[in-house]
$ cat target.cif   # mmCIF, C-alpha atoms
data_upload
loop_
_atom_site.label_atom_id
_atom_site.label_comp_id
_atom_site.auth_asym_id
_atom_site.auth_seq_id
_atom_site.Cartn_x
_atom_site.Cartn_y
_atom_site.Cartn_z
CA MET A 234 45.84 -53.33 -27.84
CA ARG A 235 43.58 -53.00 -24.81
CA ARG A 236 43.42 -49.23 -25.39
CA LEU A 237 42.45 -49.75 -29.05
CA GLY A 238 39.68 -52.11 -27.94
CA ALA A 239 38.39 -49.49 -25.51
CA VAL A 240 38.35 -46.83 -28.26
CA ILE A 241 36.49 -49.18 -30.64
CA THR A 242 33.92 -49.99 -27.93
CA SER A 243 33.32 -46.28 -27.20
CA ALA A 244 33.06 -45.48 -30.92
CA LEU A 245 30.52 -48.31 -31.34
CA VAL A 246 28.37 -47.06 -28.46
CA ILE A 247 28.42 -43.45 -29.65
CA GLY A 248 27.84 -44.32 -33.33
CA ILE A 249 25.12 -46.93 -32.87
CA GLY A 250 23.46 -44.94 -30.05
CA LEU A 251 23.25 -41.68 -32.01
CA LEU A 252 22.01 -43.46 -35.17
CA THR A 253 19.29 -45.21 -33.15
CA VAL A 254 18.23 -41.95 -31.47
CA ALA A 255 18.13 -40.20 -34.85
CA GLY A 256 16.06 -42.99 -36.37
CA LEU A 257 13.60 -42.92 -33.46
CA VAL A 258 13.23 -39.16 -33.03
CA VAL A 259 13.66 -37.40 -36.35
CA GLY A 260 10.33 -37.10 -38.17
CA GLY A 261 9.51 -35.65 -41.54
CA ASP A 262 9.27 -31.99 -40.48
CA LEU A 263 12.78 -31.16 -39.28
CA GLY A 264 14.24 -29.70 -42.49
CA TRP A 265 17.79 -30.70 -43.35
CA LEU A 266 17.91 -33.18 -40.45
CA SER A 267 14.97 -35.11 -41.92
CA ALA A 268 16.61 -34.97 -45.36
CA ILE A 269 19.80 -36.58 -43.96
CA VAL A 270 17.77 -39.27 -42.16
CA GLU A 271 15.87 -39.99 -45.38
CA ALA A 272 18.96 -39.94 -47.62
CA PHE A 273 20.98 -42.36 -45.48
CA ARG A 274 17.93 -44.51 -44.58
CA ILE A 275 18.77 -44.02 -40.90
CA ARG A 276 15.25 -45.01 -39.84
CA ASP A 277 15.71 -48.44 -41.48
CA ILE A 278 19.16 -48.85 -39.91
CA SER A 279 17.74 -47.88 -36.50
CA GLY A 280 14.96 -50.45 -36.94
CA ILE A 281 17.53 -53.19 -37.71
CA PHE A 282 19.54 -52.21 -34.61
CA LEU A 283 16.40 -52.50 -32.46
CA GLN A 284 15.60 -55.92 -33.93
CA LEU A 285 19.16 -57.14 -33.42
CA ALA A 286 19.14 -55.92 -29.79
CA ALA A 287 15.83 -57.70 -29.11
CA ILE A 288 17.08 -60.98 -30.63
CA THR A 289 20.39 -60.67 -28.76
CA ALA A 290 18.44 -60.17 -25.51
CA ALA A 291 16.39 -63.30 -26.33
CA THR A 292 19.62 -65.22 -26.99
CA THR A 293 21.02 -64.11 -23.62
CA ILE A 294 17.81 -65.27 -21.89
CA LEU A 295 18.28 -68.69 -23.48
CA ILE A 296 21.94 -68.76 -22.43
CA GLY A 297 20.86 -67.84 -18.89
CA ILE A 298 18.35 -70.70 -18.75
CA LEU A 299 20.94 -73.17 -20.10
CA ASN A 300 23.31 -71.93 -17.40
CA LEU A 301 20.60 -72.42 -14.74
CA LEU A 302 20.06 -76.01 -15.89
CA ALA A 303 23.81 -76.67 -16.06
CA VAL A 304 24.34 -75.35 -12.51
CA HIS A 305 21.55 -77.53 -11.11
CA LEU A 306 22.65 -80.61 -13.08
CA ARG A 307 26.14 -80.12 -11.62
CA ARG A 308 24.61 -79.98 -8.12
CA VAL A 309 22.78 -83.24 -8.83
CA GLY A 310 25.90 -84.87 -10.28
CA ARG A 311 28.02 -83.95 -7.24
CA ARG A 312 25.24 -84.85 -4.78
CA GLU A 313 25.61 -81.41 -3.19
CA LYS A 314 23.31 -80.25 -0.39
CA GLY A 315 19.76 -79.82 -1.72
CA TRP A 316 20.46 -81.83 -4.91
CA ALA A 317 16.95 -83.34 -4.81
CA TYR A 318 15.43 -79.85 -5.20
CA SER A 319 17.78 -79.22 -8.14
CA LEU A 320 16.66 -82.48 -9.75
CA LEU A 321 13.04 -81.41 -9.37
CA LEU A 322 13.82 -78.06 -11.02
CA VAL A 323 15.54 -79.71 -13.99
CA ILE A 324 12.71 -82.27 -14.39
CA SER A 325 10.07 -79.49 -14.28
CA ALA A 326 11.90 -77.36 -16.86
CA LEU A 327 12.67 -80.21 -19.25
CA GLY A 328 9.19 -81.67 -18.69
CA VAL A 329 7.50 -78.50 -19.97
CA ILE A 330 9.84 -78.30 -22.97
CA ILE A 331 9.40 -82.00 -23.88
CA LEU A 332 5.59 -81.75 -23.50
CA ALA A 333 5.55 -78.72 -25.81
CA VAL A 334 7.73 -80.46 -28.40
CA LEU A 335 5.46 -83.54 -28.33
CA GLU A 336 2.38 -81.34 -28.71
CA ARG A 337 3.86 -79.45 -31.65
CA ALA A 338 4.85 -82.77 -33.27
CA GLY A 339 1.25 -83.98 -32.94
CA VAL A 340 2.18 -86.89 -30.65
CA LEU A 341 0.12 -85.48 -27.75
CA ALA A 342 -3.34 -84.36 -28.73
CA GLY A 343 -6.07 -82.92 -26.54
CA GLU A 344 -8.00 -79.75 -25.93
CA PRO A 345 -6.87 -77.71 -24.01
CA PRO A 346 -3.21 -78.73 -24.55
CA LEU A 347 -1.35 -80.23 -21.57
CA THR A 348 1.12 -77.32 -21.45
CA THR A 349 -1.80 -74.90 -21.12
CA ILE A 350 -3.32 -76.96 -18.28
CA LEU A 351 0.07 -77.12 -16.57
CA PHE A 352 0.49 -73.38 -16.92
CA GLU A 353 -3.01 -72.36 -15.80
CA SER A 354 -3.39 -74.89 -12.99
CA VAL A 355 0.09 -75.27 -11.52
CA GLN A 356 2.19 -72.27 -12.57
CA VAL A 357 -0.55 -69.68 -12.00
CA SER A 358 -1.59 -71.37 -8.70
CA ILE A 359 1.95 -71.20 -7.31
CA GLU A 360 2.38 -67.60 -8.53
CA SER A 361 -0.91 -66.55 -6.91
CA ALA A 362 -0.07 -68.34 -3.66
CA LEU A 363 3.33 -66.61 -3.53
CA ALA A 364 1.67 -63.24 -4.21
CA GLY A 365 -0.85 -63.98 -1.42
CA LEU A 366 2.01 -64.82 0.92
CA VAL A 367 3.42 -61.33 0.40
CA LEU A 368 0.48 -60.07 2.51
CA PHE A 369 2.08 -61.43 5.70
CA ALA A 370 5.47 -59.89 4.91
CA LEU A 371 3.87 -56.50 4.17
CA VAL A 372 1.72 -56.45 7.32
CA TYR A 373 4.63 -57.59 9.49
CA GLY A 374 6.88 -54.94 7.90
CA ALA A 375 4.34 -52.19 8.65
CA TYR A 376 3.99 -53.46 12.25
CA ARG A 377 7.77 -53.44 12.79
CA LEU A 378 8.23 -49.97 11.27
CA MET A 379 7.35 -48.04 14.43
CA ARG A 380 9.34 -50.28 16.75
CA ARG A 381 12.68 -48.74 15.72
CA GLY A 382 11.99 -45.19 16.87
CA VAL A 383 9.24 -42.78 15.91
CA THR A 384 10.06 -40.02 13.41
CA TRP A 385 7.67 -37.69 11.56
CA PRO A 386 8.16 -39.36 8.15
CA LYS A 387 7.32 -42.75 9.74
CA LEU A 388 4.22 -41.25 11.39
CA LEU A 389 3.12 -39.72 8.09
CA PHE A 390 3.71 -43.04 6.31
CA VAL A 391 1.63 -45.00 8.83
CA LEU A 392 -1.10 -42.35 8.78
CA ALA A 393 -1.36 -42.49 4.98
CA LEU A 394 -1.30 -46.29 5.13
CA LEU A 395 -4.09 -46.44 7.73
CA VAL A 396 -6.28 -43.93 5.88
CA MET A 397 -5.94 -45.96 2.68
CA LEU A 398 -6.68 -49.27 4.42
CA LEU A 399 -9.58 -48.01 6.58
CA ALA A 400 -11.15 -46.21 3.63
CA ALA A 401 -11.24 -49.53 1.79
CA LEU A 402 -13.53 -50.97 4.50
CA PRO A 403 -17.27 -50.91 3.72
CA LEU A 404 -18.10 -48.76 6.79
CA PRO A 405 -21.53 -47.12 7.27
CA GLY A 406 -21.72 -43.32 7.47
CA PRO A 407 -21.03 -40.27 5.30
CA GLY A 408 -17.69 -41.66 4.06
CA LEU A 409 -15.35 -38.99 5.41
CA LEU A 410 -12.41 -41.39 5.21
CA ALA A 411 -13.24 -42.19 1.60
CA SER A 412 -13.25 -38.46 0.78
CA VAL A 413 -9.87 -37.99 2.47
CA ARG A 414 -8.55 -41.06 0.61
CA ASP A 415 -9.82 -39.69 -2.73
CA TRP A 416 -8.19 -36.31 -2.10
CA LEU A 417 -4.91 -37.95 -1.02
CA MET A 418 -4.88 -40.05 -4.19
CA ALA A 419 -5.77 -37.08 -6.41
CA VAL A 420 -3.30 -34.56 -4.99
CA PRO A 421 -0.30 -35.59 -2.82
CA VAL A 422 -0.02 -39.19 -4.06
CA SER A 423 -0.43 -38.07 -7.67
CA ALA A 424 2.18 -35.34 -7.12
CA GLY A 425 4.61 -37.72 -5.39
CA ALA A 426 4.24 -40.40 -8.07
CA ARG A 427 4.72 -37.84 -10.84
CA GLY A 428 7.72 -36.35 -9.01
CA ILE A 429 9.35 -39.78 -8.64
CA LEU A 430 8.65 -40.66 -12.30
CA LEU A 431 9.96 -37.29 -13.48
CA GLY A 432 13.08 -37.76 -11.32
CA ILE A 433 13.68 -41.20 -12.86
CA ALA A 434 13.12 -39.80 -16.38
CA LEU A 435 15.49 -36.86 -15.77
CA ALA A 436 18.17 -39.20 -14.39
CA THR A 437 17.68 -41.50 -17.42
CA VAL A 438 18.10 -38.56 -19.79
CA VAL A 439 21.26 -37.33 -18.02
CA THR A 440 22.82 -40.82 -17.91
CA GLY A 441 21.78 -41.51 -21.52
CA VAL A 442 23.34 -38.29 -22.80
CA ARG A 443 26.53 -38.99 -20.79
CA VAL A 444 26.79 -42.46 -22.40
CA LEU A 445 26.05 -41.16 -25.91
CA ILE A 446 28.67 -38.40 -25.75
CA GLY A 447 31.26 -40.77 -24.31
CA LEU A 448 31.51 -39.29 -20.80
CA ASP A 449 30.23 -42.46 -19.10
CA ARG A 450 32.26 -45.50 -20.19
CA SER A 451 31.48 -47.97 -17.42
CA TYR A 452 30.41 -50.61 -20.03
CA ARG A 453 34.11 -51.09 -20.94
CA GLU A 454 35.01 -52.59 -17.56
CA MET B 107 -10.62 -87.82 -13.66
CA ASN B 108 -9.42 -85.90 -16.73
CA ALA B 109 -6.25 -83.84 -17.21
CA GLU B 110 -7.99 -80.57 -16.25
CA GLN B 111 -9.22 -82.00 -12.94
CA ILE B 112 -5.77 -83.40 -12.18
CA GLY B 113 -4.37 -79.93 -12.91
CA LEU B 114 -6.83 -78.32 -10.48
CA TRP B 115 -5.90 -80.77 -7.71
CA ALA B 116 -2.20 -80.20 -8.42
CA GLY B 117 -2.85 -76.45 -8.09
CA PHE B 118 -4.62 -77.11 -4.76
CA VAL B 119 -1.68 -79.16 -3.41
CA PHE B 120 0.91 -76.61 -4.56
CA THR B 121 -1.10 -73.74 -3.02
CA LEU B 122 -1.12 -75.55 0.33
CA MET B 123 2.61 -76.26 0.00
CA ILE B 124 3.32 -72.56 -0.57
CA PHE B 125 1.05 -71.47 2.31
CA SER B 126 2.92 -73.88 4.62
CA TYR B 127 5.59 -71.14 4.69
CA ILE B 128 3.35 -69.25 7.14
CA LEU B 129 4.50 -71.85 9.72
CA GLY B 130 8.15 -71.30 8.75
CA ASP B 131 10.58 -72.40 6.04
CA ASN B 132 10.04 -76.11 5.33
CA VAL B 133 10.58 -78.89 2.78
CA LEU B 134 7.13 -78.61 1.20
CA TYR B 135 7.55 -74.88 0.53
CA ARG B 136 10.99 -75.40 -1.00
CA LEU B 137 9.74 -78.26 -3.21
CA ALA B 138 6.95 -76.02 -4.56
CA VAL B 139 9.35 -73.12 -5.16
CA TYR B 140 11.83 -75.30 -7.09
CA VAL B 141 9.00 -76.73 -9.22
CA PHE B 142 7.85 -73.15 -9.85
CA ALA B 143 11.37 -72.08 -10.91
CA GLY B 144 11.67 -75.09 -13.22
CA LEU B 145 8.26 -74.52 -14.84
CA ALA B 146 9.00 -70.81 -15.26
CA ALA B 147 12.35 -71.62 -16.91
CA GLY B 148 10.60 -74.08 -19.24
CA TYR B 149 7.87 -71.61 -20.24
CA ILE B 150 10.35 -68.76 -20.73
CA THR B 151 12.38 -71.05 -23.03
CA LEU B 152 9.27 -71.90 -25.05
CA VAL B 153 8.16 -68.28 -25.40
CA THR B 154 11.67 -67.11 -26.29
CA VAL B 155 12.23 -69.82 -28.90
CA GLU B 156 8.74 -69.86 -30.43
CA GLY B 157 7.95 -66.17 -30.15
CA VAL B 158 11.29 -64.55 -30.90
CA LEU B 159 14.11 -66.77 -32.16
CA LEU B 160 12.25 -69.04 -34.62
CA PRO B 161 10.42 -66.16 -36.38
CA TRP B 162 13.77 -64.35 -36.67
CA LEU B 163 15.49 -67.41 -38.13
CA ARG B 164 12.57 -68.06 -40.51
CA GLY B 165 12.74 -64.43 -41.65
CA THR B 166 16.51 -64.36 -42.17
CA LEU B 167 18.67 -67.50 -42.23
CA LEU B 168 15.99 -70.01 -43.28
CA SER B 169 14.07 -67.66 -45.56
CA PRO B 170 14.34 -68.20 -49.32
CA ASP B 171 13.45 -64.50 -49.71
CA ALA B 172 16.37 -63.29 -47.54
CA VAL B 173 18.11 -60.38 -49.26
CA GLY B 174 21.28 -62.13 -50.52
CA VAL B 175 24.17 -63.14 -48.28
CA GLY B 176 23.74 -59.87 -46.30
CA GLY B 177 20.30 -60.93 -45.13
CA GLN B 178 21.60 -64.30 -43.99
CA ILE B 179 24.64 -62.80 -42.25
CA LEU B 180 22.25 -60.43 -40.44
CA GLY B 181 20.45 -63.51 -39.13
CA ILE B 182 23.64 -64.80 -37.46
CA VAL B 183 24.64 -61.47 -35.86
CA PRO B 184 22.51 -61.74 -32.66
CA PHE B 185 23.80 -65.26 -32.00
CA VAL B 186 27.40 -64.13 -32.51
CA LEU B 187 26.75 -61.26 -30.09
CA GLY B 188 25.28 -63.75 -27.58
CA LEU B 189 28.38 -65.95 -27.90
CA LEU B 190 30.64 -62.91 -27.47
CA LEU B 191 28.81 -62.18 -24.20
CA LEU B 192 29.70 -65.69 -23.03
CA LEU B 193 33.38 -64.80 -23.50
CA LYS B 194 33.07 -62.16 -20.74
CA GLY B 195 33.85 -64.96 -18.28
CA SER B 196 37.30 -65.54 -19.80
CA PRO B 197 40.19 -63.32 -18.60
CA ARG B 198 41.94 -63.49 -22.03
CA LEU B 199 38.97 -63.25 -24.41
CA GLY B 200 36.79 -61.15 -22.09
CA PRO B 201 37.40 -57.83 -23.92
CA LEU B 202 35.76 -59.33 -27.05
CA GLY B 203 32.55 -59.54 -25.03
CA ASN B 204 32.67 -55.75 -24.67
CA ILE B 205 31.62 -55.45 -28.33
CA ALA B 206 28.31 -57.18 -27.56
CA ILE B 207 27.92 -55.15 -24.37
CA ALA B 208 28.62 -51.95 -26.36
CA PHE B 209 25.90 -52.80 -28.88
CA ILE B 210 23.29 -53.58 -26.23
CA VAL B 211 24.23 -50.51 -24.16
CA ALA B 212 24.06 -48.25 -27.23
CA VAL B 213 20.62 -49.43 -28.39
CA GLY B 214 19.32 -49.68 -24.81
CA THR B 215 20.50 -46.15 -23.98
CA ALA B 216 18.93 -44.73 -27.14
CA VAL B 217 15.59 -46.41 -26.45
CA ALA B 218 15.64 -45.39 -22.76
CA LEU B 219 16.53 -41.79 -23.65
CA VAL B 220 13.79 -41.40 -26.26
CA GLY B 221 11.31 -43.31 -24.05
CA ALA B 222 12.04 -41.12 -21.02
CA ILE B 223 11.52 -37.92 -23.02
CA THR B 224 8.50 -38.88 -25.13
CA GLY B 225 6.92 -41.34 -22.70
CA THR B 226 7.41 -39.67 -19.32
CA LEU B 227 8.81 -36.13 -19.34
CA LEU B 228 6.61 -34.55 -22.02
CA PRO B 229 3.29 -36.30 -21.12
CA LEU B 230 3.69 -35.66 -17.38
CA ALA B 231 4.66 -32.03 -17.89
CA ALA B 232 1.66 -31.57 -20.20
CA ALA B 233 -0.69 -33.33 -17.75
CA THR B 234 0.53 -31.16 -14.85
CA GLY B 235 0.04 -27.99 -16.92
CA SER B 236 -3.46 -28.95 -17.99
CA GLY B 237 -4.28 -29.99 -14.39
CA VAL B 238 -3.73 -26.40 -13.22
CA ARG B 239 -6.13 -25.15 -15.92
CA ILE B 240 -8.85 -27.64 -14.92
CA ASP B 241 -8.68 -27.25 -11.11
CA LEU B 242 -6.62 -24.25 -10.02
CA VAL B 243 -6.16 -25.09 -6.30
CA ASN B 244 -5.50 -28.82 -6.59
CA GLY B 245 -3.52 -28.33 -9.81
CA PHE B 246 -1.31 -25.79 -8.06
CA LEU B 247 -0.88 -28.12 -5.05
CA ILE B 248 0.16 -30.94 -7.41
CA PHE B 249 2.66 -28.60 -9.05
CA ILE B 250 4.09 -27.68 -5.61
CA GLY B 251 4.21 -31.38 -4.66
CA ILE B 252 6.06 -32.37 -7.85
CA SER B 253 8.56 -29.49 -7.54
CA SER B 254 9.28 -30.19 -3.86
CA THR B 255 9.70 -33.93 -4.60
CA LEU B 256 12.29 -33.11 -7.27
CA VAL B 257 14.06 -30.71 -4.86
CA TYR B 258 14.09 -33.44 -2.19
CA PHE B 259 15.97 -35.75 -4.58
CA GLN B 260 18.74 -33.27 -5.44
CA TYR B 261 21.97 -33.50 -3.49
CA LEU B 262 23.78 -30.28 -4.44
CA ALA B 263 25.12 -28.52 -1.35
CA ARG B 264 27.54 -25.77 -0.36
CA ARG B 265 30.61 -26.26 1.79
CA GLN B 266 30.35 -24.10 4.93
CA PRO B 267 33.35 -22.13 6.25
CA GLY B 268 33.80 -24.83 8.92
CA GLY B 269 34.13 -27.53 6.21
CA GLU B 270 30.64 -28.88 6.81
CA VAL B 271 28.58 -29.58 3.68
CA ARG B 272 24.96 -28.39 3.98
CA ARG B 273 22.07 -27.49 1.77
CA GLY B 274 20.60 -24.01 2.04
CA LEU B 275 17.70 -23.29 4.41
CA VAL B 276 15.16 -22.70 1.62
CA VAL B 277 16.20 -25.89 -0.22
CA ARG B 278 16.00 -27.86 3.04
CA ALA B 279 12.51 -26.50 3.78
CA ILE B 280 11.23 -27.33 0.28
CA GLY B 281 13.01 -30.70 0.49
CA ALA B 282 11.21 -31.47 3.79
CA LEU B 283 7.88 -30.78 2.08
CA GLY B 284 8.99 -33.04 -0.77
CA GLN B 285 9.93 -35.76 1.70
CA GLY B 286 6.43 -35.55 3.17
CA VAL B 287 4.86 -35.90 -0.28
CA VAL B 288 7.09 -38.89 -1.10
CA VAL B 289 6.32 -40.55 2.25
CA VAL B 290 2.54 -40.17 1.75
CA THR B 291 2.92 -41.58 -1.79
CA LEU B 292 4.89 -44.57 -0.55
CA GLY B 293 2.34 -45.14 2.24
CA ALA B 294 -0.47 -45.19 -0.33
CA ILE B 295 1.47 -47.53 -2.62
CA TYR B 296 2.20 -49.80 0.37
CA ALA B 297 -1.49 -49.84 1.27
CA GLY B 298 -2.30 -50.68 -2.35
CA ALA B 299 0.16 -53.59 -2.22
CA ILE B 300 -1.43 -54.86 1.02
CA LEU B 301 -4.93 -54.65 -0.46
CA THR B 302 -3.82 -56.38 -3.68
CA SER B 303 -2.10 -59.24 -1.84
CA LEU B 304 -5.13 -59.51 0.48
CA THR B 305 -7.37 -59.89 -2.57
CA ILE B 306 -5.10 -62.58 -4.05
CA PHE B 307 -4.84 -64.33 -0.67
CA SER B 308 -8.63 -64.43 -0.22
CA GLU B 309 -9.02 -65.71 -3.81
CA ARG B 310 -6.59 -68.55 -2.98
CA ILE B 311 -8.47 -69.34 0.25
CA GLY B 312 -11.68 -69.43 -1.80
CA PHE B 313 -9.99 -71.80 -4.27
CA ILE B 314 -8.87 -74.13 -1.43
CA LEU B 315 -12.36 -74.15 0.14
CA ALA B 316 -13.97 -74.81 -3.24
CA ARG B 317 -11.67 -77.80 -3.78
CA ILE B 318 -12.41 -79.18 -0.31
CA THR B 319 -16.19 -78.70 -0.47
CA GLY B 320 -16.32 -79.69 -4.14
CA GLY B 321 -17.86 -76.33 -5.14
#

$ encode --input "target.cif" --output "structure tokens"
Amino acid sequence: MRRLGAVITSALVIGIGLLTVAGLVVGGDLGWLSAIVEAFRIRDISGIFLQLAAITAATTILIGILNLLAVHLRRVGRREKGWAYSLLLVISALGVIILAVLERAGVLAGEPPLTTILFESVQVSIESALAGLVLFALVYGAYRLMRRGVTWPKLLFVLALLVMLLAALPLPGPGLLASVRDWLMAVPVSAGARGILLGIALATVVTGVRVLIGLDRSYRE
Amino acid sequence: MNAEQIGLWAGFVFTLMIFSYILGDNVLYRLAVYVFAGLAAGYITLVTVEGVLLPWLRGTLLSPDAVGVGGQILGIVPFVLGLLLLLKGSPRLGPLGNIAIAFIVAVGTAVALVGAITGTLLPLAAATGSGVRIDLVNGFLIFIGISSTLVYFQYLARRQPGGEVRRGLVVRAIGALGQGVVVVTLGAIYAGAILTSLTIFSERIGFILARITGG
């Protein structure tokens, strides 16, 4: 029975995956391939698959949030360590949802809406403050880098880092550092970024093909 | 004091609470982070329900124009798949969850595959080719940089007579060049992250000062 289930799962992945690829890739100028796609309305089927996957992903997000609330409510119920924080989390989450429901029902009126004020003033403020806090972690990380032995890649890293940072300063003079920074960005950094992106894309293609031809079946575990 | 002003003062207090982390982990920081997590969960719920799930339900299950029973059944499918995923936690019914996983993996793989080819591989290859035509020296250097980066990330090696596994001398030399290119790239990205967070940090300091001075 377990083996049959595994075969069905693999057949589903291969079938649905290939149909979706065909619907996304095959255009109107590929001869008999286009004719097959047109005849079996594979493009429409592929579109439905994409919609279903997006809605399923949205459903899983909702399930995840319900799970988050359930976990924290359990912590509050059992008076576990840090339960007050959990209570605050649940109140914040439910507060936003209740405010939105009241606004949509027309009970709470006002321009701008309260949920918008809450989002722009509190949520964005906390997000920005957390992003600002990253500065200290980054600077401390760069400072600690050279303390665990000096190697040529570390030296190169720090050199590139310093050039980029110093070139950002509004220093007087002919702007030699700015020229070096511009060249670094245009040539080695551009090449490195493209190389990394191409490597990721190649690995995605290889893994994708392995999944679609049934060589990689890790999703059955 | 209206709701907007209260919101601004709340933002000021929460910013200070987050920045208190500079002195070390403390109650104020944790309070702010839990409020942040709760608000984020609430907003994600709203966006998911209002932006994705309700339009889907209105277009399928609740729509009078839904194409027969098939259209309405289609409306239930994502929710059934979501419930099947929940079964993954059960030792007995867990394998049923594999059907939902299979569907998501299949569509996700197809989208990733097509996206990687049409969105990354082909445009980057074309841009690199045209770069050589526009500026021969720098274009060629970029080509060398990209090739050496890709060589650096390959792990094929030959087993030596002594049993040791090593890459060839040429591959190692090109790989070392690639490592240099990657390191410079990461250094530049790191510097970019520092500058970005510095900008955000100074904006927050400006916000705090404006609140204090009433500007």

$ closest_residue --input "target.cif" --among "A:Val391, A:Leu251, A:Leu332, A:Ile241" --to "Phe352 (chain A)" --atoms "only C-alpha atoms"
A:Leu332

$ closest_residue --input "target.cif" --among "A:Ala268, A:Ala291, A:Ala255, A:Leu410" --to "Leu159 (chain B)" --atoms "all atoms listed in the file"
A:Ala291

$ residues_near_point --input "target.cif" --point "(13.4, -51.9, -26.7)" --cutoff "9 Å" --atoms "all atoms listed in the file" --output "VMD selection string"
(chain A and resid 283 to 284 286 to 287) or (chain B and resid 213 to 214 217 to 218)

$ write_last_selection --input "target.cif" --atoms "C-alpha atoms" --output "JSON list (two decimals), keeping the file's coordinate frame"
[["chain", "number", "residue", "atom", "x", "y", "z"],
["A", 283, "LEU", "CA", 16.40, -52.50, -32.46],
["A", 284, "GLN", "CA", 15.60, -55.92, -33.93],
["A", 286, "ALA", "CA", 19.14, -55.92, -29.79],
["A", 287, "ALA", "CA", 15.83, -57.70, -29.11],
["B", 213, "VAL", "CA", 20.62, -49.43, -28.39],
["B", 214, "GLY", "CA", 19.32, -49.68, -24.81],
["B", 217, "VAL", "CA", 15.59, -46.41, -26.45],
["B", 218, "ALA", "CA", 15.64, -45.39, -22.76]]

$ atom_distance --input "target.cif" --atom1 "CA of Gly293 (chain B)" --atom2 "CA of Gly281 (chain B)"
18.0 Å

$ closest_residue --input "target.cif" --among "A:Asn300, A:Leu327, A:Arg235, A:Ile278" --to "Arg198 (chain B)" --atoms "only C-alpha atoms"
A:Arg235

$ atom_distance --input "target.cif" --atom1 "CA of Val396 (chain A)" --atom2 "CA of Val422 (chain A)"
12.7 Å

$ atom_distance --input "target.cif" --atom1 "CA of Pro201 (chain B)" --atom2 "CA of Val444 (chain A)"
18.7 Å

$ residues_near_point --input "target.cif" --point "(8.2, -80.5, -20.9)" --cutoff "12 Å" --atoms "only C-alpha atoms" --output "VMD selection string"
(chain A and resid 322 to 337 341 347 to 349 351 to 352) or (chain B and resid 144 to 152)

$ residues_around --input "target.cif" --residues "Ile247 (chain A)" --least-positions-apart "5" --cutoff "8 Å" --atoms "only C-alpha atoms" --output "count of residues only"
5

$ resolve_selection --input "target.cif" --expression "the PyMOL selection byres ((chain A and resi 256) around 6)" --output "PyMOL selection string"
chain A and resi 253-255+257-258+275-276+279

$ resolve_selection --input "target.cif" --expression "the PyMOL selection byres ((chain A and resi 370) around 12)" --output "VMD selection string"
(chain A and resid 363 to 369 371 to 377) or (chain B and resid 127 to 128 296 299 to 300 303 to 304)
